[in-house]
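To start, the structure itself, in structure tokens.
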Amino acid sequence: MGTELTKSVKRTSNIPAKDTDQADLGLTVAAAWELNPGITLLWTTQLEFKQKVTDFNATLNERLSTGGGYSAISNKLKLLDKKIDSNMDYLKGLLKAKYGKESQVSYYAQFGIEKVGQAYKYPVDRNKRSKALGLTLEAIIAHGFGADKYGTAFWQPIKTEYDALLKSATEIDGTVSGKVGAKNELKEYLVETQNSLIHILKGNYPKTWKNVIREWGFQKEKY
């Protein structure tokens, strides 16, 4: 008795999943639909589709541009985090020199330094780290280290820059979330409209629909 083998076939949708591919397809479909006014849908129009394509492309570009700004800020924060972590030992050294090796640890919390596993570090969470840096500045003054090389003049600029970057990152996060929501809503409309158009074209061109939809831009080998 023979064994029937079923060959797995990967099928690609006529509608692209990537936003950038969708942006290009939308423009092509809008242009093709404008040249074929006899193709109509009851629930939307060619003019509405064209406008939504324009809106989608604009929103996508804004989203990508805003995301690029976030990447730059994120890199600056990473570098500042490294600077904070690498210079924390100087604070520990000041405490050790003043209070001794056995007592220095008991003062770490006043400087915002907490125990993480077996080590004492600044918090990883950036909001908590910002607050910890505030404690550092207060403790530096309280313990008489303000005039030291690694005192107020060293840590205040770090705190100021860190908070400014953190604020910018938070604002961009909110902006990006809004852009993503708007983009996804527009994309849903575009995909629904394109699927509807494919069905209409299949019905109107029963023998040649495969070539017709390619002329409209639905060329799935490109995405």
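Following the order of the structure tokens, chains are lettered A, B, ..., residues in each are numbered from 1, and ligands are numbered from 1.
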
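Taking the backbone of this structure through DSSP, the residues of stretch 51-182 of chain A that come out as strand (DSSP E or B) are Glu114, Lys115, Val116, Ala119, Tyr120 and Lys121 of chain A.
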
With N, CA and C atoms kept, could you save the residues just selected as a PDB file, in the first residue's frame?
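The resulting file, out-v2.pdb, is shown below:
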```
ATOM      1  N   GLU A 114      21.465  51.031  45.342  1.00  0.00           N
ATOM      2  CA  GLU A 114      20.745  49.923  45.966  1.00  0.00           C
ATOM      3  C   GLU A 114      21.432  48.589  45.686  1.00  0.00           C
ATOM      4  N   LYS A 115      21.063  47.603  46.478  1.00  0.00           N
ATOM      5  CA  LYS A 115      21.656  46.282  46.305  1.00  0.00           C
ATOM      6  C   LYS A 115      20.952  45.539  45.185  1.00  0.00           C
ATOM      7  N   VAL A 116      21.721  45.102  44.197  1.00  0.00           N
ATOM      8  CA  VAL A 116      21.191  44.333  43.067  1.00  0.00           C
ATOM      9  C   VAL A 116      21.971  43.030  43.016  1.00  0.00           C
ATOM     10  N   ALA A 119      25.724  42.867  44.332  1.00  0.00           N
ATOM     11  CA  ALA A 119      26.432  44.131  44.118  1.00  0.00           C
ATOM     12  C   ALA A 119      25.550  45.326  44.479  1.00  0.00           C
ATOM     13  N   TYR A 120      26.170  46.473  44.635  1.00  0.00           N
ATOM     14  CA  TYR A 120      25.453  47.717  44.922  1.00  0.00           C
ATOM     15  C   TYR A 120      25.571  48.627  43.691  1.00  0.00           C
ATOM     16  N   LYS A 121      24.407  48.963  43.144  1.00  0.00           N
ATOM     17  CA  LYS A 121      24.384  49.713  41.891  1.00  0.00           C
ATOM     18  C   LYS A 121      23.244  50.737  41.893  1.00  0.00           C
TER      19      LYS A 121
END
```

request  = Extract, using only C-alpha atoms, all DNA, RNA and protein residues at most 7 Å from stretch 185-195 of chain A, discarding same-chain residues fewer than 3 positions from it, and format them as a ChimeraX atom specification.
outcome  = /A:15,52,56,181-182,198-199

inquiry  = Excluding stretch 80-91 of chain A and its own-chain neighbours fewer than 4 positions away, which residues fall within 12 Å of it when counting only C-alpha atoms? Please give them as a PyMOL selection string.
reply    = chain A and resi 73-76+95-98+104-105+107-108+110-114+119-126+129-130+132-133+136-137+139-140+143-146+148-152+154-166

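Around stretch 212-218 of chain A, within 7 Å and counting only C-alpha atoms, the residues found are Asn14, Leu25, Thr28, Val29, Ala32, Ile198, Thr208, Trp209, Lys210 and Lys220 of chain A, once anything fewer than 2 positions away on its own chain is removed.
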
Keeping C-alpha atoms for every residue in the selection just given, could you write it to a file as a compact mmCIF listing (two decimals), in the first residue's frame?
```txt
# COMPACT_ATOMS: atom_id res chain seq x y z
CA ASN A 14 -2.06 39.46 -2.70
CA LEU A 25 0.83 49.42 -3.32
CA THR A 28 -0.44 52.15 -7.43
CA VAL A 29 -3.97 50.96 -6.69
CA ALA A 32 -5.26 52.40 -11.36
CA ILE A 198 -9.65 42.16 -5.98
CA THR A 208 -8.12 37.53 -17.27
CA TRP A 209 -8.37 38.66 -13.64
CA LYS A 210 -4.86 37.48 -12.75
CA LYS A 220 2.74 39.41 -4.62
```

inquiry  = Please determine, counting only C-alpha atoms, which residue among A:Ala142, A:Ala23, A:Ile172, A:Leu135 has the shortest atom-to-atom distance to A:Ala58.
reply    = A:Ala23

For A:Pro16: contacts at 8 Å, only C-alpha atoms, fewer than 5 positions along chain excluded, given as a ChimeraX atom specification = /A:21-22,220,223

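One distance worth recording is that between atom CA of A:Val176 and atom CA of A:Asn127, which is 19.4 Å.
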
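Straight-line separation from atom CA of A:Lys222 to atom CA of A:Asp19: 13.5 Å.
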
query = In Å, with one decimal, what is the gap from atom CA of A:Val53 to atom CA of A:Ala30?
reply = 7.6 Å

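Every residue of stretch 91-137 of chain A with a DSSP assignment of alpha helix (DSSP H), taken from the backbone, is listed as A:Leu91, A:Lys92, A:Gly93, A:Leu94, A:Leu95, A:Lys96, A:Ala97, A:Lys98, A:Tyr99, A:Arg126, A:Asn127, A:Lys128, A:Arg129, A:Ser130, A:Lys131, A:Ala132, A:Leu133, A:Gly134, A:Leu135, A:Thr136, A:Leu137.
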
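Each of A:Lys207, A:Lys78, A:Lys179, A:Lys202 was checked against A:Leu64 using only C-alpha atoms; the smallest atom-to-atom distance is that of A:Lys179.
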
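With only C-alpha atoms as the atoms that count, the residue of A:Gly38, A:Gly117, A:Leu47, A:Gly69 with the shortest distance to A:Thr175 is A:Gly69.
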
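Candidate residues A:Thr44, A:Gly100, A:Val180, A:Tyr70 were compared for distance to A:Ser168, and the nearest is A:Tyr70, using only C-alpha atoms.
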
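Considering the residues A:Lys183, A:Asn211, A:Gly174, A:Ser196 and counting only C-alpha atoms, A:Thr45 has its shortest atom-to-atom contact with A:Ser196.
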